[in-house]
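Have a look at query_3.cif below; it lists mmCIF, C-alpha atoms.
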data_protein
loop_
_atom_site.label_atom_id
_atom_site.label_comp_id
_atom_site.auth_asym_id
_atom_site.auth_seq_id
_atom_site.Cartn_x
_atom_site.Cartn_y
_atom_site.Cartn_z
CA MET A 1 -76.85 -137.30 84.24
CA ARG A 2 -80.64 -137.17 83.91
CA LEU A 3 -80.73 -133.76 85.48
CA VAL A 4 -78.10 -132.49 83.10
CA VAL A 5 -80.09 -133.74 80.13
CA HIS A 6 -83.22 -132.08 81.50
CA GLU A 7 -81.49 -128.76 82.06
CA MET A 8 -79.98 -129.04 78.58
CA ALA A 9 -83.52 -129.08 77.20
CA LEU A 10 -84.39 -126.03 79.25
CA SER A 11 -81.19 -124.29 78.11
CA ALA A 12 -82.16 -124.90 74.50
CA SER A 13 -85.60 -123.39 75.14
CA LEU A 14 -84.00 -120.41 76.88
CA LEU A 15 -81.71 -119.82 73.92
CA ARG A 16 -84.67 -120.02 71.59
CA VAL A 17 -86.52 -117.31 73.55
CA ILE A 18 -83.41 -115.10 73.34
CA GLU A 19 -82.96 -115.65 69.62
CA ASP A 20 -86.62 -114.90 68.93
CA SER A 21 -86.19 -111.71 70.89
CA ALA A 22 -83.04 -110.83 68.92
CA ALA A 23 -84.96 -111.23 65.67
CA ARG A 24 -87.74 -108.97 66.98
CA GLU A 25 -85.65 -106.32 68.68
CA GLY A 26 -82.66 -106.33 66.37
CA PHE A 27 -79.87 -106.53 68.94
CA ARG A 28 -76.51 -108.07 68.13
CA ALA A 29 -75.26 -109.44 71.40
CA VAL A 30 -76.53 -110.30 74.83
CA ARG A 31 -74.49 -109.25 77.87
CA THR A 32 -76.72 -110.44 80.69
CA VAL A 33 -79.76 -112.67 81.01
CA TRP A 34 -81.99 -112.44 84.08
CA LEU A 35 -83.80 -115.72 84.60
CA GLU A 36 -86.39 -116.23 87.32
CA ILE A 37 -86.56 -119.75 88.68
CA GLY A 38 -89.35 -120.71 91.05
CA ALA A 39 -88.56 -122.71 94.17
CA LEU A 40 -90.71 -125.58 92.86
CA ALA A 41 -89.43 -125.53 89.27
CA ALA A 42 -87.22 -128.60 89.70
CA VAL A 43 -84.24 -126.96 88.04
CA GLU A 44 -80.63 -127.34 89.06
CA PRO A 45 -79.13 -123.88 88.43
CA GLU A 46 -75.56 -125.10 87.92
CA ALA A 47 -76.67 -127.67 85.33
CA LEU A 48 -78.66 -124.94 83.59
CA ARG A 49 -75.61 -122.64 83.54
CA PHE A 50 -73.52 -125.39 82.03
CA GLY A 51 -76.11 -126.16 79.37
CA PHE A 52 -76.54 -122.49 78.50
CA GLU A 53 -72.81 -121.93 78.24
CA VAL A 54 -72.38 -124.87 75.88
CA LEU A 55 -75.39 -124.18 73.68
CA SER A 56 -74.90 -120.41 73.40
CA ARG A 57 -71.47 -120.66 71.79
CA GLY A 58 -71.52 -119.03 68.38
CA THR A 59 -74.95 -117.51 68.98
CA VAL A 60 -76.14 -114.04 69.91
CA ALA A 61 -75.88 -115.07 73.56
CA ASP A 62 -72.26 -116.21 73.34
CA GLY A 63 -70.45 -115.14 76.51
CA ALA A 64 -73.57 -113.75 78.16
CA THR A 65 -73.79 -113.80 81.94
CA LEU A 66 -76.71 -115.80 83.29
CA ARG A 67 -78.13 -114.20 86.42
CA ILE A 68 -80.53 -116.52 88.18
CA VAL A 69 -83.15 -114.87 90.34
CA ASP A 70 -84.67 -117.24 92.89
CA VAL A 71 -88.39 -116.77 93.15
CA GLY A 72 -90.13 -118.12 96.22
CA ALA A 73 -93.07 -120.46 96.07
CA SER A 74 -96.51 -119.60 97.27
CA ALA A 75 -99.25 -121.91 98.45
CA TRP A 76 -102.85 -121.64 99.56
CA CYS A 77 -103.60 -122.81 103.08
CA GLU A 78 -107.18 -123.98 103.45
CA ALA A 79 -107.06 -123.74 107.24
CA CYS A 80 -105.79 -120.15 107.31
CA ALA A 81 -107.67 -119.27 104.11
CA ARG A 82 -104.72 -117.26 102.87
CA THR A 83 -101.66 -117.47 100.62
CA VAL A 84 -98.42 -118.28 102.41
CA THR A 85 -94.80 -118.44 101.29
CA VAL A 86 -93.08 -121.82 101.22
CA SER A 87 -89.72 -123.09 100.00
CA ALA A 88 -90.47 -126.74 99.17
CA ARG A 89 -93.34 -128.81 97.83
CA PHE A 90 -94.24 -130.50 101.10
CA ASP A 91 -93.62 -127.68 103.54
CA ALA A 92 -96.20 -127.26 106.25
CA CYS A 93 -98.03 -123.96 106.60
CA PRO A 94 -95.68 -121.52 108.39
CA LEU A 95 -98.65 -120.04 110.23
CA CYS A 96 -100.74 -122.99 111.41
CA GLY A 97 -98.59 -126.05 110.69
CA THR A 98 -101.15 -127.75 108.43
CA ASP A 99 -99.66 -130.11 105.83
CA ALA A 100 -102.35 -129.82 103.20
CA LEU A 101 -101.14 -126.80 101.25
CA ARG A 102 -101.93 -126.27 97.61
CA PRO A 103 -98.98 -124.71 95.75
CA THR A 104 -100.13 -121.73 93.71
CA GLY A 105 -96.85 -120.39 92.37
CA GLY A 106 -93.18 -121.22 92.13
CA ARG A 107 -92.94 -123.52 89.12
CA GLU A 108 -92.01 -120.78 86.68
CA ILE A 109 -88.77 -120.61 84.69
CA ARG A 110 -89.11 -117.18 83.16
CA VAL A 111 -86.75 -114.98 81.18
CA ARG A 112 -87.30 -111.60 82.80
CA GLU A 113 -84.91 -109.24 81.05
CA LEU A 114 -81.91 -109.05 78.78
CA GLU A 115 -79.10 -106.53 78.71
CA VAL A 116 -78.17 -106.23 75.06
CA THR A 117 -75.97 -104.25 72.69
CA MET B 1 -80.39 -129.69 68.43
CA CYS B 2 -84.13 -129.74 68.87
CA SER B 3 -85.15 -126.49 70.51
CA VAL B 4 -88.05 -128.11 72.32
CA CYS B 5 -86.49 -131.14 73.92
CA GLY B 6 -82.81 -130.37 73.61
CA CYS B 7 -82.07 -133.76 72.15
CA GLY B 8 -79.72 -134.09 69.23
CA GLU B 9 -81.34 -133.87 65.85
CA GLY B 10 -82.05 -137.26 64.34
CA GLU B 11 -81.78 -138.97 67.70
CA VAL B 12 -85.51 -139.08 68.18
CA ARG B 13 -87.02 -141.93 66.26
CA ILE B 14 -90.63 -142.90 65.88
CA GLU B 15 -91.05 -146.56 65.12
CA GLY B 16 -94.36 -148.03 63.94
CA ASP B 17 -95.20 -144.89 62.03
CA THR B 18 -97.58 -146.51 59.57
CA ALA B 19 -98.77 -143.21 58.15
CA HIS B 20 -95.34 -142.59 56.70
CA GLY B 21 -94.39 -146.18 56.09
CA ARG B 22 -91.60 -147.87 57.95
CA GLY B 23 -87.99 -147.48 57.11
CA ASP B 24 -88.41 -144.68 54.63
CA GLY B 25 -86.58 -142.27 56.86
CA HIS B 26 -89.53 -139.92 57.05
CA GLY B 27 -90.98 -141.43 60.18
CA GLY B 28 -87.79 -140.92 62.08
CA ALA B 29 -87.31 -137.38 60.96
CA ALA B 30 -90.91 -136.25 61.32
CA PRO B 31 -90.79 -134.64 64.77
CA HIS B 32 -87.90 -132.44 63.74
CA ALA B 33 -88.46 -131.96 60.05
CA HIS B 34 -90.82 -129.02 60.29
CA THR B 35 -89.32 -125.68 59.59
CA HIS B 36 -91.56 -123.86 62.07
CA HIS B 37 -89.57 -125.38 64.89
CA HIS B 38 -86.23 -124.62 63.39
CA PRO B 39 -86.67 -121.16 62.00
CA SER B 40 -84.06 -119.82 59.70
CA ILE B 41 -83.70 -116.93 62.11
CA ARG B 42 -81.32 -119.00 64.10
CA HIS B 43 -79.06 -119.70 61.19
CA ASP B 44 -79.30 -116.24 59.69
CA GLY B 45 -78.61 -114.84 63.10
CA LEU B 46 -75.62 -117.05 63.50
CA HIS B 47 -74.15 -115.67 60.32
CA HIS B 48 -74.86 -112.08 61.23
CA TRP B 49 -74.00 -112.12 64.91
CA GLY B 50 -71.04 -114.42 64.81
CA GLU B 51 -68.75 -111.74 63.48
CA GLY B 52 -68.88 -109.60 66.60
CA PRO B 53 -69.02 -111.52 69.84
CA ALA B 54 -69.75 -109.38 72.88
CA GLY B 55 -66.32 -109.93 74.34
CA ALA B 56 -64.59 -108.31 71.38
CA HIS B 57 -66.02 -104.87 72.04
CA ALA B 58 -64.22 -102.39 74.26
CA PRO B 59 -66.26 -101.78 77.38
CA GLY B 60 -67.94 -98.41 77.62
CA LEU B 61 -67.76 -97.69 73.92
CA GLU B 62 -71.21 -98.96 73.11
CA GLN B 63 -74.56 -98.45 74.70
CA THR B 64 -76.27 -101.36 76.26
CA ARG B 65 -80.02 -101.44 76.65
CA MET B 66 -82.49 -103.56 78.50
CA VAL B 67 -85.05 -105.73 76.78
CA ARG B 68 -88.01 -106.83 78.85
CA ILE B 69 -88.99 -110.42 78.00
CA GLU B 70 -91.22 -111.92 80.72
CA GLN B 71 -91.56 -115.24 78.94
CA ASP B 72 -91.70 -118.70 80.42
CA ILE B 73 -89.23 -120.95 78.65
CA LEU B 74 -91.64 -123.87 78.73
CA ALA B 75 -94.19 -121.80 76.78
CA GLU B 76 -93.42 -123.58 73.53
CA ASN B 77 -94.11 -127.00 75.01
CA ALA B 78 -97.26 -125.58 76.59
CA ALA B 79 -98.50 -124.42 73.16
CA HIS B 80 -97.99 -127.89 71.68
CA ALA B 81 -99.68 -129.45 74.71
CA SER B 82 -102.71 -127.19 74.25
CA ALA B 83 -102.97 -128.21 70.59
CA ASN B 84 -102.80 -131.87 71.60
CA ARG B 85 -105.43 -131.32 74.30
CA ARG B 86 -107.84 -129.66 71.84
CA TYR B 87 -107.37 -132.51 69.38
CA LEU B 88 -107.97 -135.14 72.07
CA GLU B 89 -110.99 -133.41 73.61
CA HIS B 90 -112.70 -132.81 70.29
CA ARG B 91 -112.42 -136.49 69.46
CA GLY B 92 -113.50 -137.82 72.82
CA LEU B 93 -110.11 -139.42 73.37
CA LEU B 94 -109.12 -140.06 76.96
CA ALA B 95 -105.34 -139.61 77.13
CA LEU B 96 -103.36 -140.71 80.17
CA ASN B 97 -99.70 -139.83 80.66
CA VAL B 98 -98.31 -142.81 82.57
CA VAL B 99 -95.13 -141.96 84.45
CA SER B 100 -92.83 -143.91 86.78
CA SER B 101 -89.24 -144.86 87.39
CA PRO B 102 -87.80 -147.59 85.12
CA GLY B 103 -88.87 -151.10 86.06
CA SER B 104 -92.06 -150.22 87.94
CA GLY B 105 -94.07 -152.54 85.73
CA LYS B 106 -95.82 -149.91 83.59
CA THR B 107 -95.81 -151.91 80.39
CA THR B 108 -96.98 -155.13 82.08
CA LEU B 109 -99.80 -153.25 83.77
CA LEU B 110 -100.85 -151.49 80.56
CA ALA B 111 -100.71 -154.70 78.51
CA ARG B 112 -102.95 -156.47 81.05
CA THR B 113 -105.33 -153.50 81.16
CA ILE B 114 -105.65 -153.48 77.38
CA THR B 115 -106.18 -157.24 77.24
CA ASP B 116 -108.90 -157.14 79.93
CA LEU B 117 -110.79 -154.08 78.73
CA SER B 118 -110.61 -154.62 74.99
CA ARG B 119 -112.36 -158.00 75.09
CA THR B 120 -115.77 -157.70 73.53
CA SER B 121 -117.36 -160.77 75.16
CA ASP B 122 -116.81 -160.18 78.89
CA GLY B 123 -114.79 -156.95 78.69
CA ASP B 124 -115.76 -153.41 77.72
CA GLY B 125 -114.79 -153.63 74.08
CA LEU B 126 -112.63 -150.54 74.52
CA ARG B 127 -110.07 -149.66 71.89
CA PHE B 128 -106.63 -148.50 72.89
CA ALA B 129 -103.91 -146.57 71.09
CA VAL B 130 -100.54 -146.51 72.81
CA ILE B 131 -97.52 -144.22 72.58
CA GLU B 132 -94.40 -145.77 74.08
CA GLY B 133 -91.47 -143.58 75.10
CA ASP B 134 -88.03 -145.03 75.74
CA GLN B 135 -84.51 -143.86 75.09
CA GLN B 136 -83.83 -146.93 72.95
CA THR B 137 -85.41 -150.15 71.61
CA THR B 138 -88.91 -150.97 70.38
CA HIS B 139 -89.48 -153.72 72.98
CA ASP B 140 -92.37 -152.01 74.73
CA ALA B 141 -94.31 -151.17 71.56
CA GLU B 142 -93.93 -154.79 70.48
CA ARG B 143 -95.30 -156.00 73.82
CA ILE B 144 -98.31 -153.68 73.45
CA ARG B 145 -98.94 -154.73 69.84
CA ALA B 146 -99.04 -158.34 71.01
CA THR B 147 -102.29 -157.41 72.81
CA GLY B 148 -103.79 -156.29 69.51
CA ALA B 149 -103.68 -152.56 70.28
CA ALA B 150 -102.07 -150.03 67.96
CA ALA B 151 -98.76 -148.77 69.32
CA ILE B 152 -96.07 -146.32 68.30
CA GLN B 153 -92.62 -146.27 69.81
CA ILE B 154 -90.81 -142.98 70.29
CA ASN B 155 -87.11 -143.33 70.98
CA THR B 156 -85.91 -140.14 72.62
CA GLY B 157 -82.23 -140.94 72.09
CA LYS B 158 -80.49 -138.98 74.82
CA GLY B 159 -83.72 -137.25 75.88
CA CYS B 160 -85.05 -138.01 79.34
CA HIS B 161 -88.75 -137.33 78.75
CA LEU B 162 -91.43 -137.12 76.08
CA ASP B 163 -92.50 -133.62 75.11
CA ALA B 164 -95.75 -132.37 73.63
CA HIS B 165 -94.20 -131.87 70.20
CA MET B 166 -93.19 -135.53 69.88
CA VAL B 167 -96.57 -136.68 71.15
CA GLY B 168 -98.42 -134.47 68.66
CA HIS B 169 -96.65 -136.13 65.77
CA ALA B 170 -97.12 -139.59 67.27
CA LEU B 171 -100.87 -138.89 67.52
CA GLU B 172 -100.95 -137.90 63.86
CA SER B 173 -99.31 -141.16 62.88
CA LEU B 174 -101.34 -143.28 65.27
CA ALA B 175 -104.60 -141.67 64.10
CA PRO B 176 -106.75 -143.09 66.92
CA ALA B 177 -110.47 -143.52 66.22
CA ASP B 178 -112.87 -141.22 68.10
CA GLY B 179 -113.55 -142.50 71.60
CA ASP B 180 -110.35 -144.56 71.88
CA VAL B 181 -108.25 -144.54 75.02
CA VAL B 182 -104.77 -143.14 74.40
CA LEU B 183 -102.15 -144.41 76.80
CA ILE B 184 -98.84 -142.56 76.75
CA GLU B 185 -96.13 -144.50 78.53
CA ASN B 186 -93.49 -141.91 79.32
CA VAL B 187 -89.75 -142.52 79.59
CA GLY B 188 -88.96 -144.26 82.90
CA ASN B 189 -87.88 -141.29 85.03
CA LEU B 190 -89.47 -139.75 88.11
CA VAL B 191 -87.94 -136.31 87.51
CA CYS B 192 -88.20 -134.59 84.13
CA PRO B 193 -91.54 -135.86 82.76
CA ALA B 194 -93.24 -133.93 85.59
CA ALA B 195 -92.30 -130.64 83.94
CA PHE B 196 -93.63 -131.44 80.46
CA ASP B 197 -97.38 -131.29 79.86
CA LEU B 198 -98.23 -133.53 76.89
CA GLY B 199 -101.88 -132.51 76.60
CA GLU B 200 -103.11 -135.50 78.59
CA ALA B 201 -106.27 -135.52 80.70
CA HIS B 202 -104.42 -136.97 83.69
CA LYS B 203 -100.97 -138.03 84.74
CA VAL B 204 -100.99 -141.45 86.37
CA VAL B 205 -97.89 -142.29 88.41
CA VAL B 206 -97.04 -145.96 88.85
CA LEU B 207 -95.02 -146.81 91.95
CA SER B 208 -94.06 -150.41 92.63
CA VAL B 209 -93.78 -151.69 96.19
CA THR B 210 -90.15 -152.70 95.61
CA GLU B 211 -89.19 -149.03 95.26
CA GLY B 212 -89.87 -147.79 98.79
CA ASP B 213 -92.71 -145.87 100.42
CA ASP B 214 -90.68 -142.64 100.65
CA LYS B 215 -90.57 -142.09 96.87
CA PRO B 216 -93.32 -139.43 96.95
CA LEU B 217 -91.15 -137.31 99.25
CA LYS B 218 -87.96 -137.94 97.27
CA TYR B 219 -89.60 -137.05 93.95
CA PRO B 220 -92.36 -134.68 95.04
CA ASP B 221 -92.88 -132.98 91.68
CA MET B 222 -94.04 -136.14 89.97
CA PHE B 223 -96.51 -136.99 92.72
CA HIS B 224 -97.69 -133.41 92.86
CA VAL B 225 -98.67 -133.30 89.18
CA SER B 226 -100.30 -136.76 89.12
CA ASP B 227 -103.99 -137.29 89.78
CA LEU B 228 -103.76 -141.02 90.44
CA MET B 229 -101.07 -143.22 91.96
CA LEU B 230 -101.15 -146.88 91.01
CA LEU B 231 -99.30 -148.86 93.63
CA ALA B 232 -98.03 -151.79 91.57
CA LYS B 233 -96.69 -155.28 92.28
CA THR B 234 -98.73 -155.61 95.47
CA ASP B 235 -98.27 -159.39 95.20
CA LEU B 236 -94.72 -158.70 96.45
CA LEU B 237 -95.84 -156.85 99.60
CA PRO B 238 -95.19 -159.85 101.91
CA TYR B 239 -91.54 -159.87 100.84
CA VAL B 240 -90.65 -156.19 101.09
CA ASP B 241 -90.58 -153.57 103.81
CA PHE B 242 -93.19 -151.28 102.31
CA ASP B 243 -95.87 -149.53 104.34
CA VAL B 244 -98.88 -148.79 102.10
CA GLU B 245 -100.46 -146.32 104.53
CA ARG B 246 -97.20 -144.45 105.00
CA CYS B 247 -96.77 -144.28 101.20
CA LEU B 248 -100.23 -142.77 100.83
CA ALA B 249 -99.56 -140.31 103.66
CA ASN B 250 -96.30 -139.25 101.97
CA ALA B 251 -98.07 -138.81 98.62
CA ARG B 252 -100.81 -136.74 100.29
CA ARG B 253 -98.19 -134.45 101.80
CA VAL B 254 -97.08 -133.38 98.33
CA ASN B 255 -100.52 -133.67 96.73
CA PRO B 256 -103.54 -133.66 99.07
CA ARG B 257 -105.84 -134.57 96.17
CA ILE B 258 -104.01 -137.62 94.81
CA LYS B 259 -105.93 -140.91 94.68
CA MET B 260 -104.23 -144.24 95.27
CA LEU B 261 -105.19 -147.66 93.98
CA ALA B 262 -103.16 -150.75 94.88
CA VAL B 263 -102.91 -153.26 92.04
CA SER B 264 -101.12 -156.37 90.91
CA ALA B 265 -100.97 -157.09 87.20
CA LYS B 266 -99.77 -160.58 88.10
CA THR B 267 -102.62 -161.73 90.39
CA GLY B 268 -105.25 -159.26 89.19
CA GLU B 269 -105.74 -157.91 92.71
CA GLY B 270 -107.09 -154.36 92.72
CA LEU B 271 -107.47 -154.17 88.94
CA PRO B 272 -111.31 -153.77 89.08
CA GLY B 273 -110.81 -150.48 90.95
CA TRP B 274 -108.36 -149.20 88.35
CA TYR B 275 -110.69 -150.24 85.54
CA ALA B 276 -113.59 -148.47 87.27
CA TRP B 277 -111.47 -145.29 87.52
CA LEU B 278 -110.57 -145.58 83.84
CA ARG B 279 -114.22 -146.06 82.76
CA ALA B 280 -115.42 -143.16 84.91
CA THR B 281 -112.66 -140.88 83.62
CA ARG B 282 -113.42 -141.83 80.04
CA ALA B 283 -117.12 -141.15 80.64
CA GLN B 284 -116.19 -137.64 81.78
CA VAL B 285 -114.18 -137.05 78.62
CA LEU B 286 -117.03 -138.30 76.41
CA ALA B 287 -119.55 -136.16 78.31
CA GLY B 288 -117.40 -133.07 77.87
CA ARG B 289 -116.92 -133.62 74.15
CA GLU B 290 -118.11 -130.83 71.94
CA PRO B 291 -120.92 -131.77 69.55
CA THR B 292 -119.11 -130.58 66.43
CA PRO B 293 -115.61 -132.00 66.12
CA ALA B 294 -113.13 -129.34 65.13
CA PRO B 295 -110.20 -130.12 62.85
CA ALA B 296 -106.88 -130.81 64.52
CA GLU B 297 -105.03 -127.55 64.86
CA ARG B 298 -101.53 -128.57 64.15
CA SER B 299 -99.32 -126.85 61.66
#

For the file at hand, write its structure as C-alpha cells.
Amino acid sequence: MRLVVHEMALSASLLRVIEDSAAREGFRAVRTVWLEIGALAAVEPEALRFGFEVLSRGTVADGATLRIVDVGASAWCEACARTVTVSARFDACPLCGTDALRPTGGREIRVRELEVT
Amino acid sequence: MCSVCGCGEGEVRIEGDTAHGRGDGHGGAAPHAHTHHHPSIRHDGLHHWGEGPAGAHAPGLEQTRMVRIEQDILAENAAHASANRRYLEHRGLLALNVVSSPGSGKTTLLARTITDLSRTSDGDGLRFAVIEGDQQTTHDAERIRATGAAAIQINTGKGCHLDAHMVGHALESLAPADGDVVLIENVGNLVCPAAFDLGEAHKVVVLSVTEGDDKPLKYPDMFHVSDLMLLAKTDLLPYVDFDVERCLANARRVNPRIKMLAVSAKTGEGLPGWYAWLRATRAQVLAGREPTPAPAERS
C-alpha cells in the first residue's frame, strides 16, 4: 500500500509535467509517454502505471500509453578508478569485486519524450 | 489532488500553526492554497481537451508529433527543497531530516535530545524547532512541546512522506530564530522519504535494535541517502538477536560513508557521541553562514 501511495505521488508529478508541456506546446492529446526510470529510483513500474492510468482520466493524457525505459545505474569504483555499470545499490564492482562503490547515476525518473496530436 | 505529493486536497493538515491561528481553517489549507501549485492551466486544459479524447480519433487521419521533454518528475520537489535550503543556510539553521520505520523510537530520542541540550545550566542552551510528520494525530508534536520546544505537526493524510513544499510552509509558520536547530521527524517509513529532499543539511536514519540488522540491505535507498545512522534502543541488545557489527557492515555496503552511533534514550548510553555530532554539525552550518542574511525566497 505504501508503494502505491508513493507511486501515486510520482504519477501526479508526471501528469503535471505533461500538462505544463501541453500548455507550452499546444497539443491536444498524448498518445505515448516515454519515461526513463533508473535502476536505483525505487519505483515500482506497475504501481506507477496504475497511478498514471487513474490520474490521467479526463486530462490531456487520458488513454496515453506509458512506455517505461529502464535505465541502468552507474557507480564509481575507487579501486578501479573508473565508472562501472551496476543493477542494484549494493552490487559489488563487476570488475574487481570491491563492495565500496559510490552510485553516480540511476536515480532518475525522467520524462524523455511525448508522442502527441 | 496535490501535484507535489499526490495526496488528496485538504487531507494535509498542519496543526500548531500559530502564525495563522489555530482552527481558523487557514492553517490546514495553507500548503495547498497557493495558486502557483495548482495552475489554472490544468482546469482550462481539462475543459478544452476533454472534448476530444485520443481514442475518439480515427487512426491515420491526424499527424502525431514528438515532443522532447527531458524533465525529471521530482524537479518540482527539488526546487522547493532548494528554496528551503537557502532559507535555512542564510539563517544558520541546522536542519536534520530524521527518518525511520514506525516505532523506532524517534520521538523519544528527539525529546530526550531537546531536554538535554536545551538546558542552560549544564546543557548547551540550544533552541530547537521541530516539524513532526505523521499520517494522523498530533501526539508527537504534543510530546515535543512538553519539552518546551516549538513544534508543528503535519498530518499527511494518506501521504507516505513529507515533501519539501509542506516543510517550506511549516518553516514559515514555525519561524525559527536564527541559529536554532530544526528537527524534521519524517513519517515513519523506510521507503518513500528517501526520494524526497526537504532541504535538510543531513538525513539521519534511526534504526532500533528490535528491527533486525539486515534492514540496511532490505531498504538500501534510505541508508544510502543518510549521513548518520543512530542505532537506537541499545538497552534492549541483551534480549534480541542483533549483531551491531553486522548491521554496520550492511549499512556500509549501501553507503560506504555512513557513520553509526549506538544510543539508548532510556539509559543515556551513547548520547554524548550523538550530541557531539550534533554540535559539530551545527558549528559547520554556522561557519558556512553568509554574513548578510538574504530574505526567504518563497513565493

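Residue neighbourhood of Ala276 of chain B, excluding near-sequence residues (fewer than 4 positions): Thr113, Leu117, Asp124, Leu261, Gly270, Leu271, Pro272, Ala280, Thr281, Arg282 and Ala283 of chain B, at 12 Å, using all atoms listed in the file.
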
When the PyMOL selection byres ((chain A and resi 71) around 9) is applied to the file above, which residues end up in the set, as a PDB file with C-alpha atoms, in the frame of the given file?
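Resulting contents of selection03.pdb:
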ATOM      1  CA  GLU A  36     -86.390-116.230  87.320  1.00  0.00           C
ATOM      2  CA  ILE A  37     -86.560-119.750  88.680  1.00  0.00           C
ATOM      3  CA  GLY A  38     -89.350-120.710  91.050  1.00  0.00           C
ATOM      4  CA  ALA A  39     -88.560-122.710  94.170  1.00  0.00           C
ATOM      5  CA  VAL A  69     -83.150-114.870  90.340  1.00  0.00           C
ATOM      6  CA  ASP A  70     -84.670-117.240  92.890  1.00  0.00           C
ATOM      7  CA  GLY A  72     -90.130-118.120  96.220  1.00  0.00           C
ATOM      8  CA  ALA A  73     -93.070-120.460  96.070  1.00  0.00           C
ATOM      9  CA  GLY A 106     -93.180-121.220  92.130  1.00  0.00           C
ATOM     10  CA  GLU A 108     -92.010-120.780  86.680  1.00  0.00           C
TER      11      GLU A 108
END

Counting all atoms listed in the file, figure out which residue out of A:Phe90, A:Arg67, A:Thr104, A:Ala79 gets nearest to chain B.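 Counting all atoms listed in the file, the residue closest to chain B is A:Phe90.
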
Using only C-alpha atoms, pick whichever of B:Gln284, B:Asn255, B:Asn189, B:Thr267 has the shortest atom-to-atom distance to Asp235 of chain B.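 The closest residue to Asp235 of chain B is B:Thr267.
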
Output check: residues returned by the PyMOL selection byres ((chain B and resi 138) around 10), as number ranges by chain: B: 14-16, 132-137, 139-143, 152-155

Atom-to-atom span, atom CA of Arg85 of chain B and atom CA of Phe223 of chain B, Å: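 Atom-to-atom, atom CA of Arg85 of chain B and atom CA of Phe223 of chain B are spaced 21.2 Å apart.
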
Would you mind listing what lies within 10 Å of Glu7 of chain A as a PyMOL selection string, with only C-alpha atoms counted and same-chain residues fewer than 6 positions away left out? (chain A and resi 1+13+42-52) or (chain B and resi 5-6+192)

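Counting all atoms listed in the file, the residue from B:Ala149, B:Val67, B:Leu94, B:Leu198 that sits nearest to chain A is B:Val67.
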